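Structure first, commentary second.
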Number of protein chains: 4
Amino acid sequence: MTHSVNLYSDNVSGVSPEIMAALAEANRGQAQPYGADDFSQKARQALSELFEHEVWVFPVSTGTAANALATSVLTPPYGAIYASQTAHIDVAECGATELFTGGAKIVLIASERGRIEADALESTIAKAGKGIPSRVQPAGLSLTQATERGTLYSLDQLRRLIDIGKRSALKIHMDGARFANAVAALKVKPADLTWRLGVDVLSFGLTKNGAMGVDAIVCFRQDMAEEMRYRQRRAGQVYSKMRYAAAQIVAYVKDGLWLSNAERANAMGRRLGEGLARVPGVKLDEPVEINQVFLSMEEPIIADMEKAGIGLGRRGDGHVRLVAAWSSTEAEIDTAIAAARAAATKGKAAA
Amino acid sequence: MTHSVNLYSDNVSGVSPEIMAALAEANRGQAQPYGADDFSQKARQALSELFEHEVWVFPVSTGTAANALATSVLTPPYGAIYASQTAHIDVAECGATELFTGGAKIVLIASERGRIEADALESTIAKAGKGIPSRVQPAGLSLTQATERGTLYSLDQLRRLIDIGKRSALKIHMDGARFANAVAALKVKPADLTWRLGVDVLSFGLTKNGAMGVDAIVCFRQDMAEEMRYRQRRAGQVYSKMRYAAAQIVAYVKDGLWLSNAERANAMGRRLGEGLARVPGVKLDEPVEINQVFLSMEEPIIADMEKAGIGLGRRGDGHVRLVAAWSSTEAEIDTAIAAARAAATKGKAAA
Amino acid sequence: MTHSVNLYSDNVSGVSPEIMAALAEANRGQAQPYGADDFSQKARQALSELFEHEVWVFPVSTGTAANALATSVLTPPYGAIYASQTAHIDVAECGATELFTGGAKIVLIASERGRIEADALESTIAKAGKGIPSRVQPAGLSLTQATERGTLYSLDQLRRLIDIGKRSALKIHMDGARFANAVAALKVKPADLTWRLGVDVLSFGLTKNGAMGVDAIVCFRQDMAEEMRYRQRRAGQVYSKMRYAAAQIVAYVKDGLWLSNAERANAMGRRLGEGLARVPGVKLDEPVEINQVFLSMEEPIIADMEKAGIGLGRRGDGHVRLVAAWSSTEAEIDTAIAAARAAATKGKAAA
Amino acid sequence: MTHSVNLYSDNVSGVSPEIMAALAEANRGQAQPYGADDFSQKARQALSELFEHEVWVFPVSTGTAANALATSVLTPPYGAIYASQTAHIDVAECGATELFTGGAKIVLIASERGRIEADALESTIAKAGKGIPSRVQPAGLSLTQATERGTLYSLDQLRRLIDIGKRSALKIHMDGARFANAVAALKVKPADLTWRLGVDVLSFGLTKNGAMGVDAIVCFRQDMAEEMRYRQRRAGQVYSKMRYAAAQIVAYVKDGLWLSNAERANAMGRRLGEGLARVPGVKLDEPVEINQVFLSMEEPIIADMEKAGIGLGRRGDGHVRLVAAWSSTEAEIDTAIAAARAAATKGKAAA
């Protein structure tokens with residue numbers, strides 16, 4: 001399938017030139033395997049600086065691996081991890097969290113536009129039966145920022161949820177598959193979104209935002225990091241030629257590439273959302289806060305866009321998702337909008 | 001740590017220029033994620049041709065992931081997988097097979113120079129208690145070719161082991177982390193080493209032999225492949241930008257790159273083994289059949305080689321492993337040999 | 001804590017005299033262990049007759065073990081098991097299903113008075129993403145009859161749910177912790193509630209209804225039974241002196257003890273529910289269809305009943321559960337009702 | 001299959017009259033479920049006195065459950081548990097330890113007559129790769145006392161093994177399926193065999209030695225006990241009518257029943273071993289130190305004994321096991337010996 005413009009997901013995009021250059025650079029000479037190389041040291045140093053905190057970095061090949069390994073250090077097998085009703089760890093990872101935690105339970109909390117509702121979290125924990133052996137025990141909280149619905153938690157919203165969690169001794173995971181998009185949109189520091197709020201471990205996404213195949217688990221606590229060393233290996237997630245993963249990380253944060261890529265993607269997402277929202281027969285399902293656009297469209301419009309070679313993600317019942325990427329251009333975005341508009345106009349003429 | 005010549009492992013080597021070029025080529029434009037791209041189709045096609053058999057290909061980020069996922073389709077959780085006493089799946093993967101199989105048991109079979117002894121396999125299976133509920137049930141056989149001791153099974157040896165396994169309905173896995181080296185050394189066809197003997201699933205190693213970060217699970221049976229689709233995703237092992245993994249596979253087998261790389265590594269391993277074996281105070285622990293060289297060395301020789309910047313792998317009690325790679329040069333090999341010889345001479349002079 | 005009348009649960013009751021006698025009888029002489037005894041044969045025969053179908057019987061020590069082992073033969077680790085929002089397997093077994101299935105996911109379906117809603121089941125399965133690797137795969141349906149809310153599915157309701165499941169190739173489990181109470185209340189044959197509807201495996205509860213410590217997994221399919229042999233042993237659930245478990249099963253179904261016990265418990269439950277419903281300040285949360293009574297009570301009434309030595313189960317926010325057992329007497333039931341009435345009257349007088 | 005004398009195992013024996021009486025006694029009235037009953041308190045008190053140490057007691061239905069749950073609090077999923085080559089947890093529990101630990105690895109240590117060799121343990125741990133992520137991490141040591149070969153560790157032998165383990169921070173489990181037989185034979189105090197040596201958790205066997213269906217996990221450490229509460233429930237191992245399990249424990253240790261039963265079994269085992277050893281064509285494979293007798297016998301003798309109705313356990317290649325029980329009588333033992341002697345005489349006559 002070839003698309004004229006592919007907005008199916010941000011992972012249809014390629015690799016940033018800066019990262020391709022870093023891979024070429026890393027390919028000089030030889031290096032010790034499994035992270036005992038200079039690039040891995042530099043990656044850790046770069047992320048420690050970025051987060052203004054000592055961090056332990058575990059590069060893995062996918063966001064699913066990052067999430068599932070991160071949750072595996074939150075909970076015993078008989079524990080509960082609280083997550084939103086749209087959490088990627090629940091609906092889109094084929095049970096990876098259950099595998100890596102040894103069968104912990106993801107407990108879904110009422111959520112709205114992708115955000116966990118604080119009251120619901122509080123009352124669920126209150127009724128969880130802490131200390132009662134027949135009940136899985138409250139252990140972890142997993143928050144996705146930006147959310148799977150393309151929305152953002154404010155700092156205050158995050159703080160409230162994390163505080164509720166911490167009061168019950170939950171450990172906190174942030175699924176940051178689109179962390180860069182969140183930081184860019186909120187104009188905050190990475191530290192403000194993570195450890196300053198109480199986040200213990202972050203899935204720091206790179207691949208969707210310009211890398212080739214690496215996401216990083218970032219641990220803010222040494223005890224979790226110590227355990228992660230073994231779990232990562234046991235999961236088959238320690239690249240032997242780790243330097244190439246590390247080099248991607250270094251290049252990703254160097255000179256703010258990660259943020260400029262995310263800003264571009266967000267801007268293109270906004271342009272896309274605004275343009276489509278003005279097309280008759282199209283309406284936004286969620287406000288566009290990062291690079292993801294969730295819409296309802298009349299079926300003929302969807303079908304016509306597809307025929308026009310616009311890659312989009314059908315979500316059933318007339319819902320679609322379109323996602324701008326770091327590499328999206330205004331021309332591409334406008335082509336997609338024009339295709340929608342043409343379809344809508346044609347439909348009207350026919351009616 | 002910088003080495004003048006690094007023979008610590010073949011995974012200290014870089015990426016073949018042909019594969020770097022393929023990555024650059026793959027970076028044009030956009031592509032559907034998770035394997036729905038053209039490169040993934042081509043990779044499957046290329047491996048089907050290479051193996052003269054329809055195959056199902058699952059690219060993963062490490063050899064450990066390939067092995068552990070492959071074993072997970074051999075056995076129920078209450079099953080046994082037979083492996084050699086030096087099997088990588090038992091001693092060097094932090095229990096990945098136990099994780100991905102849900103707690104199956106690796107049962108070690110007496111082995112010699114890395115090769116499972118057929119009689120020992122036969123008698124272990126005979127006493128395994130098939131059908132008796134208190135016993136884990138015979139389920140899989142995992143053979144490493146070339147072995148972890150740098151040796152090779154002959155076709156006849158493999159045939160006998162696999163026939164024993166098949167008589168007890170075992171499913172057969174081949175750990176081919178250095179499959180290319182084995183094919184190059186034995187001068188056989190890939191099909192002859194695999195499905196023609198009864199191998200059901202192969203860990204087809206690429207990374208050590210010139211790729212950046214991909215090994216491929218190659219399934220010769222559709223039923224296992226169907227199950228693997230879910231297990232791979234659940235393991236966090238499906239690259240979202242799969243095209244880059246697939247492009248490495250395509251380039252790896254194109255024009256015989258995989259074989260020429262392996263031939264070079266094998267030749268350099270042979271040169272290294274022959275050269276070192278002639279140094280006083282050094283003796284081969286195993287015959288050199290591929291690119292791995294296992295030796296016993298007097299401690300001062302080891303220490304002097306390390307001081308001279310020769311990267312090597314200490315295995316305790318005076319045992320060391322040196323491994324040539326696809327990128328090793330005669331000059332590098334000769335430098336390593338000269339360093340050993342100098343150390344030995346110095347030692348003699350001192351004595 | 002001593003109670004004058006204990007209605008906390010039906011498992012506070014003792015063991016039926018017939019079953020005590022059977023244990024004494026089984027204690028003559030010696031017997032082969034692990035089920036190779038005559039009582040185990042008789043138990044299988046008795047249940048095959050009872051169910052009018054060849055069955056495979058696996059006696060275990062708890063209802064949790066029965067449920068979790070039963071679910072473990074419904075699903076691969078990457079599967080989904082559909083259950084009601086009040087399912088015991090989800091909320092009261094500390095994740096046993098997750099342990100024994102290797103991390104399958106229990107997906108909760110909207111339910112009403114403990115019964116899964118057919119439309120919700122149908123639409124959840126329709127959106128489950130069958131064949132899509134990122135999604136856990138539809139595998140099993142677990143139905144509790146009688147439900148955890150003390151209600152019953154009609155045969156038609158069960159048939160509809162099971163038919164929906166079968167259309168998607170789900171395997172069907174029935175949690176029959178109170179199966180006897182359901183059969184007694186519905187006045188149907190055991191076969192009509194199980195395999196004739198398509199149930200594949202049943203947790204056949206005995207302990208609450210007069211046994212000492214045995215529930216039985218009843219498999220209606222040989223393939224599941226074959227796998228269960230190993231899973232049961234691996235779970236540490238094969239009694240070495242199995243004859244005592246089997247003897248309980250034989251005595252339980254002999255001369256209809258199981259049904260007469262359940263009828264008594266149901267009758268006493270009805271009497272309790274009717275009596276309490278007439279007390280001011282008390283109202284039924286659910287219709288009383290078996291031996292369980294779910295109520296809302298004003299706090300002073302609950303407290304006074306407790307002071308009067310009536311064992312009851314607090315469920316939070318003024319909700320309580322009282323359960324009659326096979327051994328409950330009219331006098332006990334009336335004492336409990338009188339205690340409630342006295343508390344209510346006192347409260348009124350005080351007001 | 002009916003036997004005139006059944007020495008197949010000690011679990012073919014019945015239940016001690018004292019324990020039957022205790023069950024009848026426990027059957028009066030009602031009791032809170034899941035261990036919140038008086039008998040459970042008494043059981044904990046009785047075992048705390050017996051062991052001269054505060055203990056936490058978890059009654060389970062089988063020895064396999066006791067062992068596998070005990071090992072599950074010794075190790076993370078990426079850990080190693082060291083055990084003898086004949087360990088029940090490795091060869092006779094269908095992988096229960098792998099299930100309950102989430103896939104930890106049982107590493108077998110060279111052993112002799114069922115006893116782990118201290119030097120082999122020490123060197124295995126030394127080479128285990130502590131701190132190296134590719135290796136499963138040293139975590140637990142499981143010792144069976146009396147061993148699976150019917151032999152005993154001396155206190156000094158145990159002390160040495162446990163000291164080796166403790167130096168590497170291993171947690172210590174004792175599989176005491178025949179703990180009573182060991183205590184009776186060694187004439188030591190229970191405390192001397194357990195926590196005084198450093199044992200952290202004990203599988204305290206009752207069933208083989210006169211109980212109906214309960215073994216007890218005895219924890220000497222509160223941290224393990226806290227975790228065990230959830231793991232036991234999750235394993236489906238918390239009897240709802242726990243009073244009957246607890247009552248068996250109380251009766252078992254009351255007035256030294258456990259020891260007098262074990263002494264009888266040991267004496268009968270000795271008598272059996274001595275008698276059979278004098279039969280031509282029969283020889284002891286192991287010294288008889290408790291109630292288990294391991295022998296080699298000529299096949300016609302085995303066959304004749306079986307024809308004579310003597311229950312015995314074939315172990316292949318002419319090896320058999322016979323086990324005396326608490327209920328064995330001198331007459332039974334002598335019948336078995338006479339049957340062997342008659343078979344041997346007949347064979348000689350025929351020759």
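As shown in the structure tokens, the chain order sets the letters A, B, ...; within each chain, residues go from 1, and ligands are also counted from 1 in the order they appear.
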Taking only C-alpha atoms into account, which residues of chain D are within 7 Å of chain B, as a ChimeraX atom specification? /D:78,91-95,98-99,102-103,133-136
So that I have them on file, write out the residues from the current selection with all heavy atoms, as a compact mmCIF listing (two decimals), in the first residue's frame.
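Dumped to part_16.txt:
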# COMPACT_ATOMS: atom_id res chain seq x y z
N TYR D 78 14.06 -13.94 38.40
CA TYR D 78 15.34 -14.09 37.71
C TYR D 78 16.40 -14.70 38.63
O TYR D 78 17.59 -14.50 38.43
CB TYR D 78 15.81 -12.74 37.15
CG TYR D 78 15.77 -11.60 38.15
CD1 TYR D 78 16.80 -11.40 39.06
CD2 TYR D 78 14.67 -10.76 38.21
CE1 TYR D 78 16.75 -10.36 39.98
CE2 TYR D 78 14.60 -9.73 39.13
CZ TYR D 78 15.65 -9.53 40.01
OH TYR D 78 15.59 -8.51 40.93
N VAL D 91 12.22 -33.00 40.36
CA VAL D 91 11.85 -34.18 39.56
C VAL D 91 10.43 -34.68 39.76
O VAL D 91 9.99 -35.55 39.02
CB VAL D 91 12.82 -35.36 39.79
CG1 VAL D 91 14.23 -34.97 39.39
CG2 VAL D 91 12.77 -35.84 41.23
N ALA D 92 9.72 -34.19 40.76
CA ALA D 92 8.46 -34.86 41.07
C ALA D 92 7.31 -33.91 41.32
O ALA D 92 6.29 -34.30 41.90
CB ALA D 92 8.66 -35.78 42.29
N GLU D 93 7.45 -32.66 40.87
CA GLU D 93 6.36 -31.71 41.15
C GLU D 93 5.89 -31.01 39.88
O GLU D 93 5.25 -29.97 39.94
CB GLU D 93 6.81 -30.73 42.25
CG GLU D 93 7.21 -31.49 43.53
CD GLU D 93 7.54 -30.61 44.73
OE1 GLU D 93 7.64 -29.39 44.57
OE2 GLU D 93 7.68 -31.18 45.84
N CYS D 94 6.21 -31.58 38.75
CA CYS D 94 5.72 -31.07 37.45
C CYS D 94 5.96 -29.57 37.27
O CYS D 94 5.16 -28.87 36.66
CB CYS D 94 4.23 -31.39 37.27
SG CYS D 94 3.73 -31.35 35.54
N GLY D 95 7.08 -29.11 37.83
CA GLY D 95 7.40 -27.70 37.60
C GLY D 95 6.66 -26.72 38.49
O GLY D 95 6.55 -25.54 38.16
N GLU D 98 8.69 -23.68 39.35
CA GLU D 98 8.77 -22.74 38.22
C GLU D 98 7.47 -21.93 38.10
O GLU D 98 7.50 -20.74 37.81
CB GLU D 98 9.03 -23.51 36.92
CG GLU D 98 10.46 -24.01 36.77
CD GLU D 98 10.70 -25.37 37.43
OE1 GLU D 98 9.86 -25.84 38.22
OE2 GLU D 98 11.76 -25.97 37.15
N LEU D 99 6.34 -22.57 38.33
CA LEU D 99 5.07 -21.84 38.26
C LEU D 99 4.98 -20.77 39.34
O LEU D 99 4.68 -19.61 39.07
CB LEU D 99 3.89 -22.82 38.40
CG LEU D 99 2.50 -22.17 38.51
CD1 LEU D 99 2.14 -21.35 37.27
CD2 LEU D 99 1.43 -23.23 38.76
N GLY D 102 7.37 -17.75 39.24
CA GLY D 102 7.37 -16.94 38.03
C GLY D 102 8.53 -17.27 37.11
O GLY D 102 8.97 -16.42 36.34
N GLY D 103 9.01 -18.53 37.20
CA GLY D 103 10.05 -18.93 36.25
C GLY D 103 11.47 -18.86 36.77
O GLY D 103 12.40 -18.73 35.97
N PRO D 133 24.13 -9.49 34.59
CA PRO D 133 22.73 -9.57 34.17
C PRO D 133 22.38 -10.75 33.28
O PRO D 133 21.21 -11.10 33.19
CB PRO D 133 22.50 -8.25 33.41
CG PRO D 133 23.56 -7.34 33.88
CD PRO D 133 24.75 -8.20 34.21
N SER D 134 23.35 -11.34 32.61
CA SER D 134 22.99 -12.47 31.76
C SER D 134 22.79 -13.76 32.54
O SER D 134 22.34 -14.75 31.98
CB SER D 134 24.08 -12.70 30.70
OG SER D 134 25.32 -12.96 31.31
N ARG D 135 23.09 -13.72 33.82
CA ARG D 135 23.00 -14.94 34.62
C ARG D 135 21.86 -14.84 35.62
O ARG D 135 21.65 -13.78 36.23
CB ARG D 135 24.33 -15.14 35.40
CG ARG D 135 25.59 -15.05 34.54
CD ARG D 135 25.71 -16.20 33.56
NE ARG D 135 25.76 -17.49 34.24
CZ ARG D 135 26.86 -18.01 34.77
NH1 ARG D 135 28.01 -17.36 34.69
NH2 ARG D 135 26.83 -19.18 35.38
N VAL D 136 21.13 -15.94 35.81
CA VAL D 136 20.15 -15.95 36.90
C VAL D 136 20.91 -15.79 38.22
O VAL D 136 22.01 -16.32 38.38
CB VAL D 136 19.28 -17.23 36.90
CG1 VAL D 136 18.33 -17.22 35.72
CG2 VAL D 136 20.11 -18.50 36.92
Residues of segment 229-258 of chain A classed as alpha helix (DSSP H) by DSSP on the backbone are to be reported as a VMD selection string. chain A and resid 229 to 234 242 to 253 257 to 258
Write the residues of the preceding selection, restricted to N, CA, C and O atoms, as a JSON list (two decimals), in the first residue's frame.
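Output below, filename result17.json:
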[["chain", "number", "residue", "atom", "x", "y", "z"],
["A", 229, "ARG", "N", 18.09, -4.31, 35.64],
["A", 229, "ARG", "CA", 19.22, -4.89, 34.90],
["A", 229, "ARG", "C", 18.94, -6.35, 34.53],
["A", 229, "ARG", "O", 19.23, -6.78, 33.42],
["A", 230, "TYR", "N", 18.39, -7.08, 35.48],
["A", 230, "TYR", "CA", 18.14, -8.49, 35.23],
["A", 230, "TYR", "C", 16.87, -8.67, 34.40],
["A", 230, "TYR", "O", 16.80, -9.49, 33.49],
["A", 231, "ARG", "N", 15.87, -7.91, 34.73],
["A", 231, "ARG", "CA", 14.60, -8.07, 34.01],
["A", 231, "ARG", "C", 14.76, -7.71, 32.53],
["A", 231, "ARG", "O", 14.16, -8.33, 31.66],
["A", 232, "GLN", "N", 15.55, -6.69, 32.26],
["A", 232, "GLN", "CA", 15.76, -6.30, 30.86],
["A", 232, "GLN", "C", 16.45, -7.43, 30.09],
["A", 232, "GLN", "O", 16.06, -7.76, 28.96],
["A", 233, "ARG", "N", 17.43, -8.05, 30.71],
["A", 233, "ARG", "CA", 18.15, -9.12, 30.02],
["A", 233, "ARG", "C", 17.25, -10.33, 29.81],
["A", 233, "ARG", "O", 17.23, -10.95, 28.74],
["A", 234, "ARG", "N", 16.54, -10.65, 30.87],
["A", 234, "ARG", "CA", 15.61, -11.78, 30.85],
["A", 234, "ARG", "C", 14.52, -11.59, 29.80],
["A", 234, "ARG", "O", 13.96, -12.56, 29.28],
["A", 242, "MET", "N", 24.81, -2.36, 21.69],
["A", 242, "MET", "CA", 24.05, -1.31, 22.35],
["A", 242, "MET", "C", 24.46, 0.09, 21.90],
["A", 242, "MET", "O", 23.66, 1.03, 21.98],
["A", 243, "ARG", "N", 25.67, 0.19, 21.40],
["A", 243, "ARG", "CA", 26.11, 1.55, 21.02],
["A", 243, "ARG", "C", 25.16, 2.22, 20.03],
["A", 243, "ARG", "O", 25.00, 3.43, 20.04],
["A", 244, "TYR", "N", 24.54, 1.41, 19.16],
["A", 244, "TYR", "CA", 23.66, 2.03, 18.16],
["A", 244, "TYR", "C", 22.37, 2.55, 18.79],
["A", 244, "TYR", "O", 21.81, 3.55, 18.36],
["A", 245, "ALA", "N", 21.90, 1.86, 19.81],
["A", 245, "ALA", "CA", 20.73, 2.37, 20.53],
["A", 245, "ALA", "C", 21.12, 3.63, 21.30],
["A", 245, "ALA", "O", 20.40, 4.63, 21.29],
["A", 246, "ALA", "N", 22.27, 3.56, 21.96],
["A", 246, "ALA", "CA", 22.70, 4.70, 22.77],
["A", 246, "ALA", "C", 22.98, 5.92, 21.91],
["A", 246, "ALA", "O", 22.65, 7.05, 22.28],
["A", 247, "ALA", "N", 23.56, 5.67, 20.75],
["A", 247, "ALA", "CA", 23.87, 6.80, 19.87],
["A", 247, "ALA", "C", 22.59, 7.51, 19.43],
["A", 247, "ALA", "O", 22.57, 8.74, 19.28],
["A", 248, "GLN", "N", 21.54, 6.76, 19.23],
["A", 248, "GLN", "CA", 20.26, 7.38, 18.88],
["A", 248, "GLN", "C", 19.76, 8.28, 20.01],
["A", 248, "GLN", "O", 19.24, 9.37, 19.78],
["A", 249, "ILE", "N", 19.92, 7.79, 21.23],
["A", 249, "ILE", "CA", 19.48, 8.59, 22.39],
["A", 249, "ILE", "C", 20.28, 9.89, 22.48],
["A", 249, "ILE", "O", 19.72, 10.98, 22.67],
["A", 250, "VAL", "N", 21.59, 9.75, 22.32],
["A", 250, "VAL", "CA", 22.45, 10.94, 22.43],
["A", 250, "VAL", "C", 22.05, 11.97, 21.37],
["A", 250, "VAL", "O", 21.88, 13.16, 21.68],
["A", 251, "ALA", "N", 21.87, 11.49, 20.15],
["A", 251, "ALA", "CA", 21.53, 12.43, 19.08],
["A", 251, "ALA", "C", 20.13, 13.02, 19.27],
["A", 251, "ALA", "O", 19.87, 14.17, 18.91],
["A", 252, "TYR", "N", 19.27, 12.22, 19.86],
["A", 252, "TYR", "CA", 17.88, 12.64, 20.03],
["A", 252, "TYR", "C", 17.77, 13.85, 20.95],
["A", 252, "TYR", "O", 16.96, 14.75, 20.71],
["A", 253, "VAL", "N", 18.57, 13.85, 22.00],
["A", 253, "VAL", "CA", 18.44, 14.98, 22.94],
["A", 253, "VAL", "C", 19.44, 16.09, 22.64],
["A", 253, "VAL", "O", 19.32, 17.20, 23.17],
["A", 257, "LEU", "N", 16.99, 18.35, 19.57],
["A", 257, "LEU", "CA", 16.30, 17.72, 18.43],
["A", 257, "LEU", "C", 14.95, 17.15, 18.83],
["A", 257, "LEU", "O", 13.96, 17.30, 18.11],
["A", 258, "TRP", "N", 14.93, 16.48, 19.99],
["A", 258, "TRP", "CA", 13.68, 15.84, 20.41],
["A", 258, "TRP", "C", 12.55, 16.85, 20.52],
["A", 258, "TRP", "O", 11.42, 16.56, 20.14]]
Expected answer as an mmCIF file with N, CA and C atoms, in the first residue's frame: strand (DSSP E) residues in segment 111-178 of chain D:
data_model
loop_
_atom_site.group_PDB
_atom_site.id
_atom_site.type_symbol
_atom_site.label_atom_id
_atom_site.label_comp_id
_atom_site.auth_asym_id
_atom_site.auth_seq_id
_atom_site.Cartn_x
_atom_site.Cartn_y
_atom_site.Cartn_z
ATOM 1 N N SER D 111 25.290 -34.327 44.111
ATOM 2 C CA SER D 111 24.871 -34.813 45.416
ATOM 3 C C SER D 111 25.159 -36.303 45.489
ATOM 4 N N GLU D 112 25.173 -36.786 46.690
ATOM 5 C CA GLU D 112 25.552 -38.175 46.919
ATOM 6 C C GLU D 112 24.601 -38.737 47.951
ATOM 7 N N ARG D 115 22.277 -36.224 49.317
ATOM 8 C CA ARG D 115 22.798 -35.049 50.034
ATOM 9 C C ARG D 115 23.629 -34.171 49.103
ATOM 10 N N ILE D 116 23.324 -32.885 49.120
ATOM 11 C CA ILE D 116 24.134 -31.929 48.356
ATOM 12 C C ILE D 116 25.566 -31.955 48.873
ATOM 13 N N GLN D 137 20.315 -15.077 39.138
ATOM 14 C CA GLN D 137 21.043 -14.648 40.329
ATOM 15 C C GLN D 137 20.832 -15.596 41.517
ATOM 16 N N PRO D 138 21.932 -15.922 42.210
ATOM 17 C CA PRO D 138 21.829 -16.798 43.393
ATOM 18 C C PRO D 138 20.803 -16.240 44.381
ATOM 19 N N ALA D 139 19.846 -17.062 44.756
ATOM 20 C CA ALA D 139 18.762 -16.550 45.597
ATOM 21 C C ALA D 139 18.388 -17.507 46.720
ATOM 22 N N GLY D 140 18.272 -18.789 46.430
ATOM 23 C CA GLY D 140 17.759 -19.693 47.452
ATOM 24 C C GLY D 140 18.472 -21.026 47.476
ATOM 25 N N LEU D 141 18.359 -21.681 48.605
ATOM 26 C CA LEU D 141 18.906 -23.026 48.776
ATOM 27 C C LEU D 141 17.791 -23.872 49.358
ATOM 28 N N SER D 142 17.502 -24.986 48.699
ATOM 29 C CA SER D 142 16.456 -25.883 49.192
ATOM 30 C C SER D 142 17.085 -27.208 49.597
ATOM 31 N N LEU D 143 16.924 -27.555 50.844
ATOM 32 C CA LEU D 143 17.499 -28.777 51.404
ATOM 33 C C LEU D 143 16.374 -29.694 51.838
ATOM 34 N N THR D 144 16.472 -30.966 51.472
ATOM 35 C CA THR D 144 15.438 -31.911 51.881
ATOM 36 C C THR D 144 15.971 -32.746 53.058
ATOM 37 N N LYS D 171 18.505 -17.375 50.738
ATOM 38 C CA LYS D 171 17.469 -17.722 51.708
ATOM 39 C C LYS D 171 17.317 -19.246 51.709
ATOM 40 N N ILE D 172 16.967 -19.776 52.869
ATOM 41 C CA ILE D 172 17.051 -21.224 53.045
ATOM 42 C C ILE D 172 15.678 -21.864 53.254
ATOM 43 N N HIS D 173 15.405 -22.835 52.414
ATOM 44 C CA HIS D 173 14.177 -23.629 52.541
ATOM 45 C C HIS D 173 14.538 -25.056 52.914
ATOM 46 N N MET D 174 13.752 -25.625 53.807
ATOM 47 C CA MET D 174 13.893 -27.053 54.078
ATOM 48 C C MET D 174 12.616 -27.767 53.658
ATOM 49 N N ASP D 175 12.800 -28.742 52.762
ATOM 50 C CA ASP D 175 11.680 -29.605 52.390
ATOM 51 C C ASP D 175 11.613 -30.712 53.434
ATOM 52 N N GLY D 176 10.651 -30.583 54.330
ATOM 53 C CA GLY D 176 10.516 -31.544 55.420
ATOM 54 C C GLY D 176 9.303 -32.446 55.232
#
Using only C-alpha atoms, determine which residues lie at most 7 Å from segment 333-338 of chain D, disregarding the query and same-chain residues fewer than 2 positions distant; provide the list as a VMD selection string. chain D and resid 5 268 272 275 to 276 310 329 to 331 340 to 342
Residues within 8 Å of Leu152 of chain A, please, as a list in words. Count only C-alpha atoms; anything in the same chain fewer than 4 positions from it doesn't count.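 With the cut-off at 8 Å, the set is Arg115, Gln145, Ala146, Thr147, Ala182, Glu289 and Ile290 of chain A.
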Please determine, counting only C-alpha atoms, which residue among A:Val15, A:Ala339, A:Asn209, A:Thr194 has the shortest atom-to-atom distance to Arg28 of chain B.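 The closest residue to Arg28 of chain B is A:Val15.
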For atom CA of Val282 of chain C and atom CA of Pro300 of chain C, the interatomic separation in Å (one decimal):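 The value is 11.0 Å.
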Tell me which protein, DNA and RNA residues are within 9 Å of segment 217-225 of chain A, counting only C-alpha atoms, leaving out same-chain ones fewer than 6 positions away, and put them as a PyMOL selection string. chain A and resi 47+53-60+65-67+69-70+73-74+194-195+199-205
Considering only C-alpha atoms, return as an NGL selection string whatever protein or nucleic-acid residues lie within 10 Å of Pro280 of chain B, sequence-local ones (same chain, fewer than 3 positions apart) excluded. :B and (276-277 or 283 or 297-298 or 301 or 340-341 or 343-345 or 347-348)
